[in-house]
>>> print(open('model-v7.cif').read())   # mmCIF, C-alpha atoms
data_structure
loop_
_atom_site.label_atom_id
_atom_site.label_comp_id
_atom_site.auth_asym_id
_atom_site.auth_seq_id
_atom_site.Cartn_x
_atom_site.Cartn_y
_atom_site.Cartn_z
CA MET A 1 4.16 108.83 23.91
CA THR A 2 3.55 111.36 21.18
CA SER A 3 6.13 113.81 20.05
CA LYS A 4 3.81 116.43 18.60
CA ASP A 5 4.75 120.09 18.59
CA LEU A 6 8.36 119.21 18.44
CA ILE A 7 10.45 120.81 15.78
CA VAL A 8 13.27 118.55 14.89
CA THR A 9 16.48 119.72 13.36
CA VAL A 10 17.09 117.81 10.21
CA GLU A 11 19.98 116.78 8.09
CA ILE A 12 19.86 117.03 4.31
CA THR A 13 21.33 113.94 2.76
CA ASP A 14 22.55 114.34 -0.79
CA ALA A 15 25.35 113.00 -2.92
CA ASN A 16 28.07 114.33 -0.65
CA GLY A 17 26.00 113.84 2.48
CA SER A 18 25.79 110.75 4.65
CA THR A 19 26.61 107.33 3.25
CA PHE A 20 26.23 103.82 4.63
CA THR A 21 28.57 100.84 4.61
CA LEU A 22 27.42 97.36 3.60
CA ARG A 23 27.19 96.45 7.26
CA GLU A 24 25.05 99.48 8.08
CA VAL A 25 22.81 98.82 5.08
CA CYS A 26 22.24 95.23 6.25
CA GLU A 27 21.52 96.35 9.76
CA ARG A 28 19.07 99.00 8.60
CA GLY A 29 17.42 96.73 6.02
CA ASP A 30 17.37 93.74 8.40
CA CYS A 31 18.84 91.53 5.69
CA HIS A 32 21.95 89.49 4.93
CA ALA A 33 25.02 90.87 3.18
CA GLU A 34 24.65 88.11 0.57
CA PHE A 35 21.28 89.51 -0.41
CA VAL A 36 22.66 93.04 -0.81
CA ILE A 37 25.62 91.71 -2.81
CA LYS A 38 23.17 89.89 -5.10
CA LEU A 39 21.13 93.07 -5.56
CA VAL A 40 24.33 94.88 -6.53
CA SER A 41 25.33 92.14 -8.97
CA TYR A 42 21.91 92.42 -10.64
CA GLY A 43 22.27 96.19 -10.80
CA ILE A 44 19.21 96.68 -8.59
CA ILE A 45 21.14 98.91 -6.23
CA ALA A 46 24.64 100.28 -6.67
CA PRO A 47 27.30 101.51 -4.28
CA ILE A 48 28.47 105.06 -4.89
CA GLU A 49 31.77 103.73 -6.18
CA GLU A 50 31.93 100.23 -7.61
CA VAL A 51 35.05 98.80 -6.00
CA PRO A 52 35.56 95.02 -6.07
CA GLU A 53 35.86 94.71 -2.29
CA ALA A 54 32.28 94.66 -0.88
CA ARG A 55 33.54 95.72 2.52
CA GLN A 56 34.56 99.08 1.07
CA TRP A 57 31.17 99.80 -0.54
CA GLN A 58 29.35 102.96 0.44
CA PHE A 59 25.66 103.44 -0.30
CA ASP A 60 23.54 106.59 -0.40
CA VAL A 61 20.00 107.06 0.96
CA ASP A 62 18.47 106.31 -2.43
CA ALA A 63 20.07 102.86 -2.37
CA LEU A 64 18.74 102.34 1.15
CA ALA A 65 15.20 103.27 0.13
CA ARG A 66 15.49 101.09 -2.97
CA LEU A 67 16.68 98.12 -0.93
CA GLN A 68 13.59 98.37 1.26
CA LYS A 69 11.33 98.68 -1.74
CA ALA A 70 13.00 95.62 -3.28
CA MET A 71 12.47 93.68 -0.05
CA ARG A 72 8.80 94.65 0.10
CA LEU A 73 8.22 93.67 -3.52
CA GLN A 74 10.02 90.39 -3.04
CA ARG A 75 8.05 89.56 0.09
CA ASP A 76 4.62 90.62 -1.18
CA LEU A 77 4.77 89.60 -4.82
CA LYS A 78 7.25 86.73 -4.60
CA LEU A 79 9.54 88.23 -7.24
CA ASN A 80 12.87 86.65 -8.01
CA LEU A 81 15.96 88.79 -8.57
CA PRO A 82 15.69 89.26 -12.35
CA GLY A 83 11.99 90.05 -11.84
CA LEU A 84 12.87 92.58 -9.15
CA ALA A 85 15.45 94.21 -11.40
CA VAL A 86 12.98 94.57 -14.27
CA SER A 87 10.17 95.83 -12.01
CA LEU A 88 12.27 98.44 -10.26
CA ASP A 89 13.70 99.69 -13.56
CA LEU A 90 10.24 99.95 -15.06
CA LEU A 91 8.87 101.65 -11.94
CA ASP A 92 11.68 104.22 -12.19
CA GLU A 93 10.88 104.76 -15.82
CA VAL A 94 7.18 105.17 -15.10
CA GLN A 95 7.96 107.70 -12.39
CA ASP A 96 10.27 109.68 -14.67
CA MET A 97 7.64 109.68 -17.38
CA ARG A 98 4.92 110.80 -14.99
CA ARG A 99 7.13 113.70 -13.94
CA GLU A 100 7.91 114.56 -17.54
CA ILE A 101 4.23 114.43 -18.50
CA ALA A 102 3.33 116.69 -15.57
CA ARG A 103 6.03 119.15 -16.65
CA LEU A 104 4.96 119.10 -20.31
CA ASN A 105 1.28 119.45 -19.40
CA GLN A 106 2.14 122.48 -17.38
CA GLN A 107 4.10 124.05 -20.24
CA LEU A 108 1.28 123.24 -22.61
CA ARG A 109 -1.23 124.93 -20.31
CA GLN A 110 0.93 128.04 -20.24
CA LEU A 111 1.11 128.14 -24.03
CA MET A 112 -2.67 127.65 -24.34
CA ASP A 113 -3.35 130.46 -21.86
CA ASP A 114 -1.59 132.99 -24.06
CA MET B 1 -18.51 96.09 12.99
CA ASP B 2 -18.89 95.84 9.24
CA PHE B 3 -19.03 92.49 7.57
CA LYS B 4 -16.15 91.96 5.15
CA ASP B 5 -17.03 90.13 2.00
CA TYR B 6 -13.72 88.52 1.13
CA TYR B 7 -15.13 87.06 -2.08
CA ALA B 8 -16.10 90.52 -3.28
CA VAL B 9 -12.69 91.90 -2.28
CA LEU B 10 -11.00 89.35 -4.53
CA GLY B 11 -13.74 89.60 -7.17
CA VAL B 12 -14.42 85.87 -7.21
CA SER B 13 -17.60 83.84 -6.74
CA GLU B 14 -18.39 81.82 -3.65
CA SER B 15 -17.73 78.65 -5.59
CA ALA B 16 -14.33 79.78 -6.91
CA SER B 17 -11.64 77.11 -6.95
CA PRO B 18 -8.48 77.55 -4.86
CA GLU B 19 -6.65 78.09 -8.14
CA ASP B 20 -9.01 80.95 -9.14
CA ILE B 21 -8.61 82.52 -5.72
CA LYS B 22 -4.84 82.39 -5.96
CA LYS B 23 -4.96 83.87 -9.45
CA ALA B 24 -7.26 86.70 -8.39
CA TYR B 25 -5.10 87.43 -5.36
CA ARG B 26 -1.88 87.56 -7.36
CA LYS B 27 -3.38 89.90 -9.89
CA LEU B 28 -4.82 92.29 -7.30
CA ALA B 29 -1.68 92.18 -5.14
CA ARG B 30 0.32 93.36 -8.16
CA LYS B 31 -2.28 95.98 -8.98
CA PHE B 32 -2.56 97.50 -5.51
CA HIS B 33 0.97 97.02 -4.22
CA PRO B 34 1.77 100.38 -2.60
CA ASP B 35 5.16 100.47 -4.32
CA VAL B 36 3.58 99.93 -7.71
CA SER B 37 0.14 101.54 -7.62
CA LYS B 38 -0.59 105.23 -7.91
CA GLU B 39 -4.22 104.64 -7.01
CA GLU B 40 -5.63 106.38 -4.01
CA ASN B 41 -6.01 104.08 -0.98
CA ALA B 42 -3.74 101.51 -2.64
CA THR B 43 -2.30 100.64 0.77
CA ASP B 44 -5.74 99.91 2.24
CA LYS B 45 -6.83 97.94 -0.79
CA PHE B 46 -3.62 95.93 -0.71
CA LYS B 47 -4.24 95.11 2.95
CA ASP B 48 -7.84 94.07 2.23
CA VAL B 49 -6.72 91.81 -0.58
CA GLY B 50 -4.04 90.22 1.63
CA GLU B 51 -6.55 89.68 4.43
CA ALA B 52 -9.12 88.14 2.08
CA TYR B 53 -6.52 85.78 0.64
CA GLU B 54 -5.22 84.82 4.06
CA VAL B 55 -8.68 83.47 4.85
CA LEU B 56 -9.84 82.09 1.51
CA LYS B 57 -6.62 80.26 0.64
CA ASP B 58 -6.95 78.06 3.72
CA PRO B 59 -9.75 75.43 3.33
CA GLU B 60 -10.44 75.33 7.06
CA LYS B 61 -10.68 79.08 7.49
CA ARG B 62 -12.65 79.38 4.30
CA ALA B 63 -15.22 76.87 5.56
CA GLU B 64 -15.53 78.77 8.82
CA TYR B 65 -15.86 82.03 6.99
CA ASP B 66 -18.54 80.61 4.65
CA GLN B 67 -20.53 79.50 7.66
CA LEU B 68 -20.30 82.90 9.26
CA ARG B 69 -21.11 84.61 6.05
CA LYS B 70 -24.42 82.81 5.90
CA TYR B 71 -25.16 83.58 9.49
CA GLY B 72 -23.63 86.89 10.16
CA ALA B 73 -24.24 89.26 7.28
CA LYS B 74 -27.20 91.40 8.30
CA GLY B 75 -29.10 93.50 5.83
CA ASP B 76 -27.48 96.73 6.93
CA GLY B 77 -23.96 95.48 6.32
CA SER B 78 -23.14 95.27 9.99
CA PHE B 79 -21.94 92.05 11.56
CA GLN B 80 -21.97 90.27 14.89
CA PRO B 81 -20.36 86.83 15.29
CA PRO B 82 -22.57 84.15 16.86
CA PRO B 83 -22.40 84.05 20.65
CA GLY B 84 -19.61 81.83 21.86
CA TRP B 85 -17.95 81.77 18.44
CA GLN B 86 -14.41 80.49 18.48
CA SER B 87 -12.26 79.79 15.50
CA ALA B 88 -10.85 76.30 15.27
CA SER B 89 -8.15 77.23 12.81
CA GLY B 90 -7.01 80.30 14.69
CA PHE B 91 -3.67 81.83 14.26
CA GLY B 92 -1.67 80.39 17.06
CA GLY B 93 0.84 78.58 14.96
CA GLY B 94 2.65 81.57 13.63
CA GLY B 95 1.46 80.82 10.12
CA TYR B 96 2.27 84.30 8.98
CA THR B 97 4.98 84.09 6.49
CA GLU B 98 3.67 86.60 4.03
CA ALA B 99 1.06 88.73 5.73
CA ASP B 100 1.45 91.12 8.58
CA ALA B 101 -1.46 90.11 10.81
CA SER B 102 -1.22 93.18 12.98
CA GLN B 103 -2.43 95.16 9.96
CA PHE B 104 -5.62 93.17 9.49
CA SER B 105 -9.12 94.49 10.18
CA ASP B 106 -11.19 94.27 13.38
CA PHE B 107 -13.48 91.93 11.50
CA PHE B 108 -10.61 89.53 10.89
CA GLU B 109 -9.52 89.88 14.48
CA GLU B 110 -13.01 89.08 15.75
CA ILE B 111 -13.34 85.95 13.63
CA PHE B 112 -9.92 84.42 13.65
CA GLY B 113 -8.61 86.17 16.74
CA GLY B 114 -5.16 85.40 17.81
CA ALA B 115 -3.61 87.72 15.30
CA ARG B 116 -2.92 90.13 18.10
CA ARG B 117 -3.39 87.82 21.01
CA GLY B 118 -1.62 84.73 19.76
CA GLY B 119 1.64 84.28 18.03
CA ALA B 120 1.90 86.10 14.77
CA SER B 121 5.21 86.24 12.99
CA SER B 122 5.88 89.75 14.16
CA GLU B 123 5.65 88.29 17.61
CA ALA B 124 7.86 85.40 16.96
CA GLY B 125 10.27 88.04 15.76
CA GLY B 126 9.42 90.15 18.75
CA GLY B 127 10.38 87.48 21.22
CA PHE B 128 13.61 86.96 19.44
CA ARG B 129 14.26 90.65 19.26
CA GLN B 130 13.75 91.05 22.96
CA SER B 131 16.47 88.62 23.73
CA ARG B 132 19.15 90.63 22.05
CA LYS B 133 19.98 94.20 21.32
CA MET B 134 18.44 95.33 18.08
CA ARG B 135 18.37 98.58 16.22
CA GLY B 136 14.88 100.03 15.52
CA GLU B 137 13.53 100.05 11.97
CA ASP B 138 14.27 102.97 9.70
CA VAL B 139 11.17 104.59 8.33
CA HIS B 140 11.06 105.96 4.79
CA ALA B 141 8.32 108.49 4.16
CA ARG B 142 7.40 110.87 1.37
CA LEU B 143 6.38 114.47 1.84
CA ALA B 144 4.73 116.61 -0.82
CA LEU B 145 5.68 120.28 -0.72
CA PHE B 146 4.52 123.28 -2.66
CA LEU B 147 7.34 124.93 -4.56
CA GLU B 148 7.17 128.00 -2.29
CA GLU B 149 7.53 125.78 0.79
CA ALA B 150 10.50 123.92 -0.65
CA PHE B 151 12.16 127.14 -1.79
CA ASN B 152 11.72 129.11 1.42
CA GLY B 153 11.73 126.26 3.94
CA CYS B 154 8.75 125.58 6.21
CA ASP B 155 7.45 123.73 9.26
CA LYS B 156 5.52 120.61 8.31
CA GLN B 157 3.61 117.99 10.21
CA VAL B 158 4.69 114.49 9.18
CA SER B 159 2.71 111.37 10.13
CA PHE B 160 4.02 107.86 9.71
CA THR B 161 3.67 104.38 11.15
CA VAL B 162 6.34 102.74 13.28
CA HIS B 163 6.26 99.21 14.67
CA ASP B 164 7.25 98.83 18.25
CA ALA B 165 6.57 96.55 21.18
CA ASP B 166 4.00 97.40 23.85
CA GLU B 167 4.37 96.49 27.52
CA HIS B 168 3.49 92.85 26.74
CA GLY B 169 6.15 92.57 24.10
CA ARG B 170 3.62 92.53 21.24
CA VAL B 171 4.76 94.31 18.12
CA MET B 172 2.10 96.80 17.09
CA PRO B 173 1.90 99.54 14.50
CA ARG B 174 1.75 102.98 16.04
CA GLN B 175 1.01 106.30 14.37
CA LYS B 176 3.66 108.90 15.06
CA THR B 177 3.40 112.59 14.27
CA LEU B 178 6.28 115.03 14.20
CA LYS B 179 6.56 118.66 13.37
CA VAL B 180 9.59 118.98 11.16
CA LYS B 181 11.53 122.02 10.12
CA ILE B 182 12.14 121.66 6.38
CA PRO B 183 15.23 123.61 5.36
CA ALA B 184 15.08 126.08 2.46
CA GLY B 185 16.06 124.89 -0.99
CA MET B 186 14.85 121.26 -0.91
CA ARG B 187 14.49 119.80 -4.38
CA ASP B 188 12.37 117.00 -5.78
CA GLY B 189 13.72 113.60 -4.73
CA GLN B 190 16.05 114.93 -2.04
CA HIS B 191 16.06 113.19 1.32
CA ILE B 192 16.29 114.52 4.81
CA ARG B 193 17.18 112.37 7.74
CA LEU B 194 15.84 112.72 11.26
CA LYS B 195 18.18 110.77 13.44
CA GLY B 196 16.54 108.52 15.99
CA GLN B 197 12.97 109.29 14.89
CA GLY B 198 12.24 105.88 13.36
CA ALA B 199 11.05 102.86 15.34
CA PRO B 200 12.46 102.45 18.85
CA GLY B 201 15.22 99.89 19.30
CA MET B 202 14.69 96.66 21.21
CA GLY B 203 16.68 95.37 24.13
CA GLY B 204 18.50 98.66 24.50
CA GLY B 205 19.30 99.00 20.77
CA GLU B 206 19.44 102.41 19.11
CA PRO B 207 16.26 103.77 17.52
CA GLY B 208 16.00 103.80 13.71
CA ASP B 209 16.05 106.97 11.64
CA LEU B 210 13.27 108.67 9.73
CA PHE B 211 14.07 109.44 6.10
CA ILE B 212 11.80 111.85 4.30
CA GLU B 213 11.88 112.10 0.53
CA VAL B 214 10.65 115.42 -0.73
CA GLU B 215 8.21 115.51 -3.61
CA LEU B 216 7.39 118.81 -5.28
CA ALA B 217 3.79 119.52 -6.20
CA PRO B 218 3.46 121.08 -9.67
CA HIS B 219 3.31 124.88 -9.63
CA PRO B 220 0.91 126.77 -11.93
CA HIS B 221 3.70 128.95 -13.35
CA PHE B 222 7.14 127.78 -12.34
CA ALA B 223 8.75 124.50 -13.34
CA VAL B 224 11.91 123.04 -11.83
CA GLU B 225 14.78 121.37 -13.61
CA GLY B 226 17.62 120.37 -11.33
CA HIS B 227 18.62 123.56 -9.53
CA ASP B 228 17.03 125.80 -12.15
CA VAL B 229 13.58 127.33 -12.09
CA LEU B 230 11.83 127.71 -15.45
CA LEU B 231 9.21 130.33 -16.26
CA THR B 232 7.42 131.04 -19.51
CA VAL B 233 6.84 134.78 -19.90
CA PRO B 234 4.51 136.25 -22.53
CA VAL B 235 5.65 139.43 -24.29
CA ALA B 236 3.76 141.71 -26.67
CA PRO B 237 4.84 141.64 -30.33
CA TRP B 238 6.15 145.21 -30.08
CA GLU B 239 8.12 144.38 -26.91
CA ALA B 240 9.68 141.48 -28.80
CA ALA B 241 10.38 143.60 -31.88
CA LEU B 242 11.64 146.76 -30.21
CA GLY B 243 13.09 145.38 -26.98
CA ALA B 244 11.71 146.38 -23.57
CA THR B 245 12.28 146.25 -19.84
CA ILE B 246 9.59 144.11 -18.23
CA THR B 247 8.78 143.06 -14.66
CA ILE B 248 8.57 139.34 -14.01
CA PRO B 249 8.15 137.16 -10.91
CA THR B 250 10.93 135.00 -9.50
CA MET B 251 10.68 132.66 -6.53
CA ALA B 252 12.33 135.38 -4.45
CA GLY B 253 10.19 138.31 -5.62
CA LYS B 254 9.77 140.55 -8.66
CA VAL B 255 12.68 141.61 -10.85
CA ASN B 256 13.07 143.71 -13.98
CA VAL B 257 14.57 142.06 -17.04
CA LYS B 258 15.53 143.40 -20.42
CA VAL B 259 13.90 141.78 -23.44
CA PRO B 260 16.41 142.13 -26.28
CA GLN B 261 15.39 143.81 -29.50
CA GLY B 262 14.22 141.31 -32.15
CA THR B 263 13.23 138.54 -29.73
CA THR B 264 11.49 135.50 -31.16
CA SER B 265 9.24 133.04 -29.33
CA GLY B 266 11.18 130.45 -27.36
CA ARG B 267 14.17 132.70 -26.67
CA LYS B 268 15.65 131.98 -23.26
CA LEU B 269 17.07 134.45 -20.74
CA ARG B 270 19.12 133.23 -17.82
CA LEU B 271 18.85 135.06 -14.49
CA LYS B 272 21.95 134.00 -12.61
CA GLY B 273 21.46 132.81 -9.05
CA LYS B 274 17.67 133.20 -9.09
CA GLY B 275 17.03 129.45 -9.01
CA PHE B 276 17.17 127.13 -6.03
CA PRO B 277 19.43 128.27 -3.20
CA GLY B 278 22.30 126.05 -2.08
CA LYS B 279 26.04 125.63 -2.38
CA HIS B 280 25.69 125.97 -6.14
CA PRO B 281 22.58 128.10 -6.51
CA GLY B 282 20.54 127.53 -9.66
CA ASP B 283 19.36 130.08 -12.20
CA GLN B 284 15.93 131.17 -13.29
CA ILE B 285 15.45 130.50 -16.96
CA VAL B 286 12.90 132.72 -18.63
CA ILE B 287 11.35 131.47 -21.85
CA LEU B 288 9.86 134.32 -23.84
CA GLN B 289 6.65 133.72 -25.74
CA VAL B 290 5.16 136.29 -28.08
CA ALA B 291 1.50 136.85 -27.19
CA MET B 292 -1.10 138.56 -29.39
CA PRO B 293 -3.91 140.75 -28.11
CA GLU B 294 -7.27 139.08 -28.71
CA GLN B 295 -8.63 142.16 -30.47
CA HIS B 296 -7.08 145.07 -32.30
CA SER B 297 -8.43 148.59 -32.65
CA PRO B 298 -9.12 149.79 -36.21
CA GLU B 299 -5.98 151.98 -35.92
CA ALA B 300 -3.84 149.01 -34.94
CA THR B 301 -5.30 146.96 -37.79
CA LYS B 302 -4.28 149.78 -40.18
CA LEU B 303 -0.76 149.71 -38.74
CA TYR B 304 -0.63 145.94 -39.23
CA GLU B 305 -1.70 146.38 -42.82
CA LYS B 306 1.13 148.84 -43.26
CA LEU B 307 3.54 146.42 -41.59
CA ALA B 308 2.38 143.59 -43.84
CA GLU B 309 3.14 145.76 -46.85
CA LEU B 310 6.60 146.76 -45.55
CA GLU B 311 7.64 143.23 -44.46
CA LYS B 312 6.35 141.43 -47.56
CA GLY B 313 9.67 139.64 -47.92
CA PHE B 314 9.33 137.75 -44.62
CA ASN B 315 8.11 134.16 -45.00
CA PRO B 316 7.50 132.62 -41.56
CA ARG B 317 6.80 129.26 -43.27
CA ASN B 318 10.12 129.12 -45.03
CA LYS B 319 11.06 125.85 -43.33
CA LEU B 320 7.88 124.20 -44.55
CA HIS B 321 8.93 124.93 -48.17
CA VAL B 322 5.71 126.77 -48.98
#
>>> encode(input="model-v7.cif", output="structure tokens")
Amino acid sequence: MTSKDLIVTVEITDANGSTFTLREVCERGDCHAEFVIKLVSYGIIAPIEEVPEARQWQFDVDALARLQKAMRLQRDLKLNLPGLAVSLDLLDEVQDMRREIARLNQQLRQLMDD
Amino acid sequence: MDFKDYYAVLGVSESASPEDIKKAYRKLARKFHPDVSKEENATDKFKDVGEAYEVLKDPEKRAEYDQLRKYGAKGDGSFQPPPGWQSASGFGGGGYTEADASQFSDFFEEIFGGARRGGASSEAGGGFRQSRKMRGEDVHARLALFLEEAFNGCDKQVSFTVHDADEHGRVMPRQKTLKVKIPAGMRDGQHIRLKGQGAPGMGGGEPGDLFIEVELAPHPHFAVEGHDVLLTVPVAPWEAALGATITIPTMAGKVNVKVPQGTTSGRKLRLKGKGFPGKHPGDQIVILQVAMPEQHSPEATKLYEKLAELEKGFNPRNKLHV
């Protein structure tokens, strides 16, 4: 069954777009709530608003994507939670720096062209 | 079928100790992990490394592989297993805790079989999934767009892998392709969700969703910062000195802007609402840069000499205290 040549209507998810409860996040990530709560306590992912009651947490798509990345890294590289936290922070930093370098390179090229 | 040299994949010698093999695997797994590596084909390399380790870490499988390696590697790199070959170690026991066997190569399949026929972990999971209602996996994918495509919206073909069960209940990766309408005004890092386009659910469960994260390819002229679009615009020295009306490009077409009299390099002009569209549309920020002609006519040189005489008091290196 292929669904080629099908134009799908899409939904943009941003800060005020769709959010997910702890239960939905666990269902989508195929993981236990305890694991998500641990990730939150290590600052690896964060609910949109940090309320003490985990049942009231709401997560955005970024958190969902990050949870899956964390699970892949944990499974493939056998990282523990502090290791995961450091790796994901550093990966974010590397990505930001790559973007910044690309932007600066582009500006530099424009200045050199003149 | 090509012969796979697992020792070469891990970069170890045939006589490497189990400890060396583990060390090499760990290092390469970190290096090629698709979430970490920016290298091209990182995903394939990561799979190769995992497959090589799956075999070489197990003394029984390693011995079988060594035997085959002696026998099977022909000069041209192709490979045929000996007639009647059957692996003793196999993969019936569901020994897959870390590797996804369904992703392994045909070579692996031919030698150790069972990955797809026997009981890999995805299958153990599959059987369990069948017995109860389970939501399909969400799929997270990235999509690179040119700035023009992101700004104006476009139709894009998106390919991704979903895991679902075939008619025998085996969980297999399947390539899925969709044509997706990307709405106008998508910015770097924004997600779109396609409901129900992830992996199919099991036992009557809902399908997962497809999430696409947009990545903007660098543009030769425009840069993006949040909702704003940045553009460096060269102006002639006399345009900067006297002021001028110039034509410049924006993402939505050409516009005329006024360069104020006495402009210096780096001066910014803000064109309201000419940035990314949306609820709070961004602006286009124009950075003016004074450009010099490469050559001057003798008349112009004379005029510059006159200017130099008239503006003697101006020290552009004032801040350098010289």
>>> residues_around(input="model-v7.cif", residues="segment 296-308 of chain B", least_positions_apart="5", cutoff="12 Å", atoms="only C-alpha atoms", output="PyMOL selection string")
chain B and resi 237-238+313-315
>>> interface_residues(input="model-v7.cif", of="chain B", to="chain A", cutoff="6 Å", atoms="all atoms listed in the file", output="list in words")
Thr177, Leu178, Lys179, Val180, Lys181, His191, Ile192, Arg193, Leu194 and Ala291 of chain B
>>> atom_distance(input="model-v7.cif", atom1="atom CA of Lys195 of chain B", atom2="atom CA of Leu145 of chain B")
21.1 Å
>>> resolve_selection(input="model-v7.cif", expression="the PyMOL selection byres ((chain B and resi 28) around 12)", output="mmCIF file with C-alpha atoms, in the coordinates of the input")
data_model
loop_
_atom_site.group_PDB
_atom_site.id
_atom_site.type_symbol
_atom_site.label_atom_id
_atom_site.label_comp_id
_atom_site.auth_asym_id
_atom_site.auth_seq_id
_atom_site.Cartn_x
_atom_site.Cartn_y
_atom_site.Cartn_z
ATOM 1 C CA ASP A 76 4.620 90.620 -1.180
ATOM 2 C CA LEU A 77 4.770 89.600 -4.820
ATOM 3 C CA VAL B 9 -12.690 91.900 -2.280
ATOM 4 C CA LEU B 10 -11.000 89.350 -4.530
ATOM 5 C CA GLY B 11 -13.740 89.600 -7.170
ATOM 6 C CA VAL B 12 -14.420 85.870 -7.210
ATOM 7 C CA ILE B 21 -8.610 82.520 -5.720
ATOM 8 C CA LYS B 22 -4.840 82.390 -5.960
ATOM 9 C CA LYS B 23 -4.960 83.870 -9.450
ATOM 10 C CA ALA B 24 -7.260 86.700 -8.390
ATOM 11 C CA TYR B 25 -5.100 87.430 -5.360
ATOM 12 C CA ARG B 26 -1.880 87.560 -7.360
ATOM 13 C CA LYS B 27 -3.380 89.900 -9.890
ATOM 14 C CA ALA B 29 -1.680 92.180 -5.140
ATOM 15 C CA ARG B 30 0.320 93.360 -8.160
ATOM 16 C CA LYS B 31 -2.280 95.980 -8.980
ATOM 17 C CA PHE B 32 -2.560 97.500 -5.510
ATOM 18 C CA HIS B 33 0.970 97.020 -4.220
ATOM 19 C CA PRO B 34 1.770 100.380 -2.600
ATOM 20 C CA VAL B 36 3.580 99.930 -7.710
ATOM 21 C CA SER B 37 0.140 101.540 -7.620
ATOM 22 C CA ALA B 42 -3.740 101.510 -2.640
ATOM 23 C CA THR B 43 -2.300 100.640 0.770
ATOM 24 C CA LYS B 45 -6.830 97.940 -0.790
ATOM 25 C CA PHE B 46 -3.620 95.930 -0.710
ATOM 26 C CA LYS B 47 -4.240 95.110 2.950
ATOM 27 C CA ASP B 48 -7.840 94.070 2.230
ATOM 28 C CA VAL B 49 -6.720 91.810 -0.580
ATOM 29 C CA GLY B 50 -4.040 90.220 1.630
ATOM 30 C CA ALA B 52 -9.120 88.140 2.080
ATOM 31 C CA TYR B 53 -6.520 85.780 0.640
#
>>> atom_distance(input="model-v7.cif", atom1="atom CA of Lys70 of chain B", atom2="atom CA of Asp2 of chain B")
14.5 Å
>>> axis_aligned_box(input="model-v7.cif", around="segment 240-244 of chain B", padding_each_side="3 Å", output="JSON")
{"center_x": 11.4, "center_y": 144.1, "center_z": -27.7, "size_x": 9.4, "size_y": 11.3, "size_z": 14.3}
>>> residues_around(input="model-v7.cif", residues="Asn105 of chain A", least_positions_apart="4", cutoff="12 Å", atoms="all atoms listed in the file", output="list in words")
Met97, Arg98, Arg99, Glu100, Ile101, Arg109, Gln110, Leu111 and Met112 of chain A; Pro218, His219, Pro220, His221 and Ala223 of chain B
>>> resolve_selection(input="model-v7.cif", expression="the PyMOL selection byres ((chain B and resi 133-139) around 9)", output="ChimeraX atom specification")
/A:27-30 /B:129-132,140-141,160-164,196-212
>>> resolve_selection(input="model-v7.cif", expression="the PyMOL selection byres ((chain B and resi 233) around 7)", output="compact mmCIF listing (two decimals) with C-alpha atoms, in the coordinates of the input")
# COMPACT_ATOMS: atom_id res chain seq x y z
CA LEU B 231 9.21 130.33 -16.26
CA THR B 232 7.42 131.04 -19.51
CA PRO B 234 4.51 136.25 -22.53
CA VAL B 235 5.65 139.43 -24.29
CA VAL B 286 12.90 132.72 -18.63
CA ILE B 287 11.35 131.47 -21.85
CA LEU B 288 9.86 134.32 -23.84
CA GLN B 289 6.65 133.72 -25.74
>>> atom_distance(input="model-v7.cif", atom1="atom CA of His280 of chain B", atom2="atom CA of Glu213 of chain B")
20.7 Å
>>> residues_around(input="model-v7.cif", residues="Glu34 of chain A", least_positions_apart="2", cutoff="12 Å", atoms="all atoms listed in the file", output="NGL selection string")
:A and (22-23 or 25-26 or 31-32 or 36-41 or 54-55)
>>> residues_near_point(input="model-v7.cif", point="(19.9, 96.6, -11.4)", cutoff="9 Å", atoms="only C-alpha atoms", output="PDB file with C-alpha atoms, in the frame of the given file")
ATOM      1  CA  LEU A  39      21.130  93.070  -5.560  1.00  0.00           C
ATOM      2  CA  VAL A  40      24.330  94.880  -6.530  1.00  0.00           C
ATOM      3  CA  SER A  41      25.330  92.140  -8.970  1.00  0.00           C
ATOM      4  CA  TYR A  42      21.910  92.420 -10.640  1.00  0.00           C
ATOM      5  CA  GLY A  43      22.270  96.190 -10.800  1.00  0.00           C
ATOM      6  CA  ILE A  44      19.210  96.680  -8.590  1.00  0.00           C
ATOM      7  CA  ILE A  45      21.140  98.910  -6.230  1.00  0.00           C
ATOM      8  CA  ALA A  46      24.640 100.280  -6.670  1.00  0.00           C
ATOM      9  CA  PRO A  82      15.690  89.260 -12.350  1.00  0.00           C
ATOM     10  CA  LEU A  84      12.870  92.580  -9.150  1.00  0.00           C
ATOM     11  CA  ALA A  85      15.450  94.210 -11.400  1.00  0.00           C
ATOM     12  CA  VAL A  86      12.980  94.570 -14.270  1.00  0.00           C
ATOM     13  CA  LEU A  88      12.270  98.440 -10.260  1.00  0.00           C
ATOM     14  CA  ASP A  89      13.700  99.690 -13.560  1.00  0.00           C
TER      15      ASP A  89
END
>>> closest_residue(input="model-v7.cif", among="B:Pro260, B:Gly189, B:Pro281, B:Pro18", to="Val229 of chain B", atoms="only C-alpha atoms")
B:Pro281
